[in-house]
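What follows is a set of notes on a single structure, which appears directly below.
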There are 2 protein chains.
Amino acid sequence: MSSTAQGARARARMEVTAAIKDEARRQLAQEGAARLSLRAVARTLGMVSSALYRYFPSRDDLLTALIIDAYDSLGASAEAANEQVGDAAPLERWTAVAEAVHVWALEHPHEYALIYGSPVPGYTAPMTTVPAASRVGLLFIAIVRDAHHEGVLADAPELPDDLVAEAGRMAADLAPDLPPATVVALIAAWAELFGLVGFELFGQFNRVVEDRPPFFRHAAIRIAHGVGLR
Amino acid sequence: MSSTAQGARARARMEVTAAIKDEARRQLAQEGAARLSLRAVARTLGMVSSALYRYFPSRDDLLTALIIDAYDSLGASAEAANEQVGDAAPLERWTAVAEAVHVWALEHPHEYALIYGSPVPGYTAPMTTVPAASRVGLLFIAIVRDAHHEGVLADAPELPDDLVAEAGRMAADLAPDLPPATVVALIAAWAELFGLVGFELFGQFNRVVEDRPPFFRHAAIRIAHGVGLR
DNA sequence: ACACATTCGAGAGCACTGCTCTTGCTCTGG
DNA sequence: CCAGAGCAAGAGCAGTGCTCTCGAATGTGT
């Protein structure tokens, strides 16, 4: 038997699991991760709290499921933005994806905080989150790779001696067809972009930057320039 | 009477308040903000939990005190690094301060998460945190200003039309003697730098960047270049 | 078709949390 | 000197994550 429709029992389990995640996501969006309460979820679902443990062995496991969903939701938004600009120039694809991340973060602040903010107490993300977490990063790599193969990618600045070895390792792991210096610039750009998003979302720009969208767009383009996109 | 040494009562209050903050800071450093417990603090201090409310009306007020201390600690580290390199070139001062922020963050991960990570649930930073929070930013502004007045600051790239007005506002507020385009680049650089720190600290670089110090140094220098420091 | 096994919901309970309120004791300013 | 302010302590409330036990419903193998 495959995984679908194997008995009413399994189906019911799927449905209850989904219902729990849905309600948990709703509470997460409204109250934030720290105020997400298993008991409250169970309550609004009309079940007793102990029953919920049949589906998620602990609060952290529920959070992990929500984290994966959040990464996937963000990744889907970014990929949709990338596809929507079709075969535009790499720089435009980059900014479109960056915009999509920005918009998604503003629309899902608590989800964003859950995945890119400070990790919740004593919680260390399990391996299962890695694939979902990588989607946006892989998109940026793909865009830069396309630019490189089209011959429109400027060279990244030379690496200092103490970075050459590590850069080689990074390039081998992430994008063997790209120059190591470009890979280094790309990873830095990735972190810098999310730094901008996080600062805006977490209030660091309050009373500093008022009109955020043009500021972000400009910064995202400048960051793309730093990777070699023109 | 001034604020110092006005009666044994006030002094005792100061001491107890300091003891509470110290113990709270210790628990924060070990367990993280979300696991900071008023009752646990009171317990190890040998008092009953309700007594603690005479000194901090709520858990959030204690957290606010710790936030201010954390900002001040980080600011002091950054300023010390700036002074230690004396009247070196602005670029070196920039990287020295960036390094200091980086090191402080690695040494105080939970404090860093408290101030630059996702804000704790339903908590909005009160105005009283603003001065302490501004110290590092003001340092970066001062460094760039010095470079500008020494005539060694490269021009920042031209601003798009939809950013000119906002850039003028930002410059007027933060550094009227600097070109608006430079101020925009500076604010972005500030956020980007903390983006790098946050990504490293919150595990986003796991399995991506292994040898972090050279990577960070390189990225910090590249960010400084983006502001016009050479 | 029946017996066995597994799964599940419900309830009680434990140890913990932030916070409030009342009761007295102690210290201090006028 | 002594009234009032400051303070510690205790009990208590409502909430949390999580565990354990106990029937009942639901599958599965013979």
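In the structure tokens, chains take letters A, B, ... by order of appearance, with residues numbered from 1 within each chain and ligands from 1 in the order shown.
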Closest atom pairs, chain D residues within 10 Å of chain B, only C-alpha atoms (C1' of nucleotides), as a tab-separated table:
residue	atom	partner	partner_atom	distance
D:DG6	C1'	B:Arg9	CA	8.7
D:DC7	C1'	B:Ala51	CA	7.8
D:DA8	C1'	B:Ala51	CA	5.9
D:DA9	C1'	B:Val48	CA	6.9
D:DG10	C1'	B:Val48	CA	9.0
Restrict the selected residues to N, CA, C and O atoms (P, O5', C5', C4', C3', O3' and C1' of nucleotides) and save them as an mmCIF file, in the first residue's frame.
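Okay, this is what ended up in out-v4.cif:
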data_model
loop_
_atom_site.group_PDB
_atom_site.id
_atom_site.type_symbol
_atom_site.label_atom_id
_atom_site.label_comp_id
_atom_site.auth_asym_id
_atom_site.auth_seq_id
_atom_site.Cartn_x
_atom_site.Cartn_y
_atom_site.Cartn_z
ATOM 1 P P DG D 6 7.212 54.731 49.831
ATOM 2 O "O5'" DG D 6 8.049 53.451 50.273
ATOM 3 C "C5'" DG D 6 9.266 53.640 50.994
ATOM 4 C "C4'" DG D 6 9.776 52.310 51.482
ATOM 5 C "C3'" DG D 6 9.829 51.218 50.400
ATOM 6 O "O3'" DG D 6 11.122 50.633 50.417
ATOM 7 C "C1'" DG D 6 8.677 50.432 52.325
ATOM 8 P P DC D 7 11.575 49.642 49.287
ATOM 9 O "O5'" DC D 7 11.263 48.227 49.933
ATOM 10 C "C5'" DC D 7 11.896 47.897 51.172
ATOM 11 C "C4'" DC D 7 11.252 46.684 51.797
ATOM 12 C "C3'" DC D 7 11.086 45.487 50.864
ATOM 13 O "O3'" DC D 7 12.152 44.567 51.117
ATOM 14 C "C1'" DC D 7 9.250 45.767 52.386
ATOM 15 P P DA D 8 12.379 43.341 50.178
ATOM 16 O "O5'" DA D 8 11.801 42.145 51.057
ATOM 17 C "C5'" DA D 8 12.322 41.936 52.362
ATOM 18 C "C4'" DA D 8 11.537 40.846 53.065
ATOM 19 C "C3'" DA D 8 11.421 39.535 52.291
ATOM 20 O "O3'" DA D 8 11.576 38.453 53.205
ATOM 21 C "C1'" DA D 8 9.247 40.369 52.759
ATOM 22 P P DA D 9 11.746 36.956 52.691
ATOM 23 O "O5'" DA D 9 10.341 36.294 53.037
ATOM 24 C "C5'" DA D 9 9.778 36.492 54.325
ATOM 25 C "C4'" DA D 9 8.318 36.110 54.319
ATOM 26 C "C3'" DA D 9 7.982 34.816 53.561
ATOM 27 O "O3'" DA D 9 7.474 33.865 54.475
ATOM 28 C "C1'" DA D 9 6.429 36.557 53.062
ATOM 29 P P DG D 10 7.465 32.318 54.086
ATOM 30 O "O5'" DG D 10 5.913 32.031 53.818
ATOM 31 C "C5'" DG D 10 4.950 32.451 54.762
ATOM 32 C "C4'" DG D 10 3.600 32.561 54.099
ATOM 33 C "C3'" DG D 10 3.233 31.378 53.205
ATOM 34 O "O3'" DG D 10 2.179 30.652 53.814
ATOM 35 C "C1'" DG D 10 2.694 33.485 52.174
#
- Query: Residues of segment 58-224 of chain B in helix (DSSP H, G or I) according to DSSP, as JSON, numbers by chain?
  - Reply: {"B": [59, 60, 61, 62, 63, 64, 65, 66, 67, 68, 69, 70, 71, 72, 73, 74, 75, 76, 77, 78, 79, 80, 81, 82, 83, 84, 90, 91, 92, 93, 94, 95, 96, 97, 98, 99, 100, 101, 102, 103, 104, 105, 106, 107, 109, 110, 111, 112, 113, 114, 115, 116, 127, 128, 129, 130, 131, 132, 133, 134, 135, 136, 137, 138, 139, 140, 141, 142, 143, 144, 145, 146, 147, 148, 149, 150, 161, 162, 163, 164, 165, 166, 167, 168, 169, 170, 171, 172, 173, 174, 180, 181, 182, 183, 184, 185, 186, 187, 188, 189, 190, 191, 192, 193, 194, 195, 196, 197, 198, 199, 200, 201, 212, 213, 214, 215, 216, 217, 218, 219, 220, 221, 222, 223, 224]}
- Task: Please provide as a list of chain:residue names all residues within 10 Å of Phe216 of chain A, with the sequence filter that same-chain residues fewer than 3 positions apart are discarded (counting only C-alpha atoms (C1' of nucleotides)).
- Result: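 Counting only the stated atoms, we get A:Thr95, A:Ala98, A:Glu99, A:His102, A:Leu193, A:Leu196, A:Val197, A:Glu200, A:Val209, A:Asp211, A:Arg212, A:Pro213, A:Ala219, A:Ala220, A:Ile221, A:Arg222, B:Leu163, B:Ala188.
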- Identify, on the basis of only C-alpha atoms (C1' of nucleotides), every residue whose closest approach to DG15 of chain D does not exceed 10 Å; exclude the query and any residue fewer than 2 positions from it along the same chain; express the result as a VMD selection string. (chain A and resid 39) or (chain C and resid 17 to 18) or (chain D and resid 13)
May I have the selected residues written with C-alpha atoms (C1' of nucleotides), as a CSV table (one decimal), in the first residue's frame?
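Result file follows (selection35.csv):
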chain,number,residue,atom,x,y,z
A,39,ARG,CA,-3.4,23.8,25.3
C,17,DT,C1',5.3,30.0,35.3
C,18,DG,C1',3.8,35.4,35.9
D,13,DC,C1',-5.2,32.3,40.8
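Non-sequential neighbours of Gly226 of chain B (distance at most 8 Å, separation of 4 or more positions within a chain, only C-alpha atoms (C1' of nucleotides)) are Ala156, Ala185, Ala189 and Arg222 of chain B.
All chain C residues having an atom within 10 Å of chain B, based on only C-alpha atoms (C1' of nucleotides), amount to DC16, DT17, DG18, DC19, DT20, DC27 and DT28 of chain C.
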Output file for the residues above (C-alpha atoms (C1' of nucleotides), as an mmCIF file, in the first residue's frame):
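Resulting contents of selection03.cif:
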data_model
loop_
_atom_site.group_PDB
_atom_site.id
_atom_site.type_symbol
_atom_site.label_atom_id
_atom_site.label_comp_id
_atom_site.auth_asym_id
_atom_site.auth_seq_id
_atom_site.Cartn_x
_atom_site.Cartn_y
_atom_site.Cartn_z
ATOM 1 C "C1'" DC C 16 6.409 24.981 36.797
ATOM 2 C "C1'" DT C 17 5.324 30.022 35.305
ATOM 3 C "C1'" DG C 18 3.790 35.381 35.949
ATOM 4 C "C1'" DC C 19 1.245 37.955 38.827
ATOM 5 C "C1'" DT C 20 -1.995 39.724 42.768
ATOM 6 C "C1'" DC C 27 12.626 51.385 59.188
ATOM 7 C "C1'" DT C 28 12.518 56.387 58.580
#
Each residue of chain B with at least one atom at most 8 Å from chain A should appear once, together with its nearest atom pair and the corresponding distance in Å (one decimal); atoms considered: only C-alpha atoms; ordering: chain, then increasing residue number; output as CSV.
residue,atom,partner,partner_atom,distance
B:Glu31,CA,A:Pro121,CA,7.0
B:Gly32,CA,A:Pro121,CA,5.9
B:Ala33,CA,A:Pro121,CA,7.5
B:Ala34,CA,A:Pro121,CA,5.9
B:Arg35,CA,A:Pro121,CA,6.5
B:Ala113,CA,A:Ser118,CA,5.4
B:Leu114,CA,A:Ser118,CA,7.9
B:Tyr116,CA,A:Phe202,CA,7.6
B:Gly117,CA,A:Ser118,CA,4.7
B:Ser118,CA,A:Gly117,CA,4.7
B:Pro119,CA,A:Phe202,CA,6.5
B:Val120,CA,A:Ala34,CA,7.4
B:Pro121,CA,A:Ala34,CA,6.0
B:Gly122,CA,A:Glu31,CA,7.3
B:Leu159,CA,A:His218,CA,7.7
B:Pro160,CA,A:His218,CA,7.4
B:Asp162,CA,A:Pro214,CA,6.2
B:Leu163,CA,A:Pro214,CA,5.7
B:Glu166,CA,A:Asp211,CA,6.4
B:Met170,CA,A:Val208,CA,6.5
B:Val184,CA,A:Phe215,CA,7.8
B:Ala185,CA,A:Ala219,CA,7.7
B:Ala188,CA,A:Ala219,CA,6.4
B:Ala191,CA,A:Leu196,CA,5.2
B:Glu192,CA,A:Glu192,CA,4.1
B:Leu193,CA,A:Glu192,CA,6.7
B:Phe194,CA,A:Gly195,CA,6.1
B:Gly195,CA,A:Gly195,CA,3.4
B:Leu196,CA,A:Ala191,CA,5.2
B:Gly198,CA,A:Gly195,CA,7.6
B:Phe199,CA,A:Ala191,CA,6.2
B:Phe202,CA,A:Ser118,CA,6.1
B:Val208,CA,A:Met170,CA,6.5
B:Val209,CA,A:Met170,CA,6.8
B:Glu210,CA,A:Glu166,CA,7.3
B:Asp211,CA,A:Glu166,CA,6.4
B:Pro214,CA,A:Leu163,CA,5.8
B:Phe215,CA,A:Leu163,CA,6.4
B:His218,CA,A:Pro160,CA,7.4
B:Ala219,CA,A:Ala188,CA,6.3
Please save N, CA, C and O atoms of the selected residues as a short mmCIF file (atom, residue, chain, number, x, y, z; two decimals), in the first residue's frame.
data_model
loop_
_atom_site.label_atom_id
_atom_site.label_comp_id
_atom_site.auth_asym_id
_atom_site.auth_seq_id
_atom_site.Cartn_x
_atom_site.Cartn_y
_atom_site.Cartn_z
N GLU B 31 20.53 30.51 29.73
CA GLU B 31 19.32 29.84 29.26
C GLU B 31 18.61 30.57 28.14
O GLU B 31 17.76 30.00 27.47
N GLY B 32 18.89 31.83 27.98
CA GLY B 32 18.18 32.60 26.98
C GLY B 32 17.00 33.34 27.58
O GLY B 32 16.53 33.03 28.67
N ALA B 33 16.55 34.34 26.84
CA ALA B 33 15.55 35.24 27.38
C ALA B 33 14.24 34.53 27.69
O ALA B 33 13.59 34.80 28.70
N ALA B 34 13.84 33.62 26.83
CA ALA B 34 12.53 33.00 27.00
C ALA B 34 12.48 32.12 28.25
O ALA B 34 11.41 31.89 28.80
N ARG B 35 13.64 31.65 28.67
CA ARG B 35 13.65 30.78 29.85
C ARG B 35 14.03 31.54 31.11
O ARG B 35 14.24 30.93 32.16
N ALA B 113 20.79 38.03 20.95
CA ALA B 113 19.46 37.63 20.49
C ALA B 113 18.39 38.51 21.12
O ALA B 113 17.38 38.84 20.49
N LEU B 114 18.64 38.90 22.34
CA LEU B 114 17.65 39.72 23.03
C LEU B 114 17.47 41.08 22.36
O LEU B 114 16.35 41.59 22.27
N TYR B 116 18.91 42.07 19.13
CA TYR B 116 18.83 42.11 17.67
C TYR B 116 18.04 40.95 17.09
O TYR B 116 17.85 40.87 15.88
N GLY B 117 17.61 40.04 17.91
CA GLY B 117 16.80 38.94 17.41
C GLY B 117 15.33 39.34 17.38
O GLY B 117 14.99 40.51 17.50
N SER B 118 14.49 38.35 17.21
CA SER B 118 13.07 38.66 17.19
C SER B 118 12.66 39.20 18.55
O SER B 118 13.04 38.68 19.59
N PRO B 119 11.89 40.26 18.56
CA PRO B 119 11.43 40.80 19.84
C PRO B 119 10.59 39.77 20.58
O PRO B 119 9.88 38.98 19.97
N VAL B 120 10.69 39.75 21.87
CA VAL B 120 9.93 38.79 22.65
C VAL B 120 8.45 39.10 22.53
O VAL B 120 8.05 40.20 22.22
N PRO B 121 7.62 38.12 22.76
CA PRO B 121 6.18 38.17 22.46
C PRO B 121 5.50 39.40 22.99
O PRO B 121 5.54 39.69 24.18
N GLY B 122 4.85 40.12 22.10
CA GLY B 122 4.04 41.24 22.52
C GLY B 122 4.83 42.34 23.18
O GLY B 122 4.27 43.30 23.70
N LEU B 159 21.17 58.19 -6.11
CA LEU B 159 19.92 57.64 -5.57
C LEU B 159 18.84 57.64 -6.64
O LEU B 159 18.77 58.54 -7.48
N PRO B 160 17.98 56.64 -6.61
CA PRO B 160 16.83 56.65 -7.51
C PRO B 160 15.87 57.78 -7.08
O PRO B 160 15.88 58.21 -5.92
N ASP B 162 12.78 57.94 -6.37
CA ASP B 162 11.82 57.73 -5.29
C ASP B 162 12.49 57.62 -3.93
O ASP B 162 11.82 57.38 -2.93
N LEU B 163 13.81 57.78 -3.89
CA LEU B 163 14.50 57.72 -2.60
C LEU B 163 15.04 59.09 -2.18
O LEU B 163 15.46 59.27 -1.03
N GLU B 166 13.23 60.81 0.90
CA GLU B 166 13.49 60.08 2.14
C GLU B 166 14.96 60.18 2.54
O GLU B 166 15.27 60.32 3.73
N MET B 170 16.45 61.43 6.07
CA MET B 170 17.38 60.64 6.88
C MET B 170 18.65 61.42 7.18
O MET B 170 19.13 61.45 8.33
N VAL B 184 22.31 56.98 3.17
CA VAL B 184 21.54 55.80 2.79
C VAL B 184 22.44 54.57 2.75
O VAL B 184 22.10 53.51 3.31
N ALA B 185 23.59 54.71 2.14
CA ALA B 185 24.52 53.58 2.06
C ALA B 185 24.96 53.16 3.46
O ALA B 185 25.13 51.96 3.74
N ALA B 188 22.16 51.21 5.25
CA ALA B 188 22.08 49.86 4.68
C ALA B 188 23.25 49.02 5.16
O ALA B 188 23.09 47.85 5.53
N ALA B 191 22.73 47.70 8.66
CA ALA B 191 21.82 46.55 8.71
C ALA B 191 22.48 45.31 8.12
O ALA B 191 22.32 44.19 8.64
N GLU B 192 23.25 45.49 7.06
CA GLU B 192 23.89 44.34 6.41
C GLU B 192 24.90 43.69 7.34
O GLU B 192 25.00 42.46 7.42
N LEU B 193 25.64 44.54 8.04
CA LEU B 193 26.65 44.02 8.95
C LEU B 193 26.01 43.16 10.04
O LEU B 193 26.46 42.05 10.35
N PHE B 194 24.93 43.65 10.60
CA PHE B 194 24.26 42.88 11.64
C PHE B 194 23.54 41.68 11.04
O PHE B 194 23.29 40.69 11.74
N GLY B 195 23.22 41.75 9.77
CA GLY B 195 22.68 40.58 9.11
C GLY B 195 23.69 39.44 9.08
O GLY B 195 23.36 38.28 9.36
N LEU B 196 24.93 39.77 8.79
CA LEU B 196 25.99 38.76 8.80
C LEU B 196 26.14 38.16 10.19
O LEU B 196 26.23 36.94 10.36
N GLY B 198 24.00 38.09 12.64
CA GLY B 198 22.83 37.30 13.01
C GLY B 198 22.80 35.96 12.32
O GLY B 198 22.50 34.94 12.95
N PHE B 199 23.12 35.93 11.05
CA PHE B 199 23.11 34.66 10.33
C PHE B 199 24.11 33.68 10.93
O PHE B 199 23.83 32.50 11.05
N PHE B 202 22.73 32.67 14.55
CA PHE B 202 21.48 31.93 14.60
C PHE B 202 21.52 30.68 13.73
O PHE B 202 20.47 30.09 13.43
N VAL B 208 27.52 25.86 5.77
CA VAL B 208 27.70 26.72 4.61
C VAL B 208 29.05 27.43 4.74
O VAL B 208 29.91 27.32 3.88
N VAL B 209 29.21 28.14 5.84
CA VAL B 209 30.50 28.78 6.10
C VAL B 209 31.09 28.11 7.34
O VAL B 209 30.45 28.08 8.39
N GLU B 210 32.30 27.57 7.18
CA GLU B 210 32.91 26.87 8.31
C GLU B 210 33.88 27.78 9.05
O GLU B 210 33.82 27.92 10.26
N ASP B 211 34.77 28.39 8.30
CA ASP B 211 35.81 29.24 8.91
C ASP B 211 35.31 30.68 8.89
O ASP B 211 35.55 31.43 7.95
N PRO B 214 37.64 34.86 8.93
CA PRO B 214 38.08 35.53 7.70
C PRO B 214 36.92 35.92 6.80
O PRO B 214 36.95 36.98 6.15
N PHE B 215 35.90 35.08 6.77
CA PHE B 215 34.74 35.41 5.96
C PHE B 215 34.11 36.71 6.43
O PHE B 215 33.80 37.60 5.64
N HIS B 218 36.32 39.79 5.63
CA HIS B 218 36.23 40.13 4.21
C HIS B 218 34.91 40.83 3.92
O HIS B 218 34.87 41.87 3.24
N ALA B 219 33.83 40.27 4.42
CA ALA B 219 32.51 40.84 4.15
C ALA B 219 32.39 42.24 4.76
O ALA B 219 31.83 43.16 4.14
#
- Message: Quick check, in Å to one decimal: how far apart do atom CA of Ala175 of chain B and atom CA of Ile67 of chain B lie?
- Response: 26.0 Å
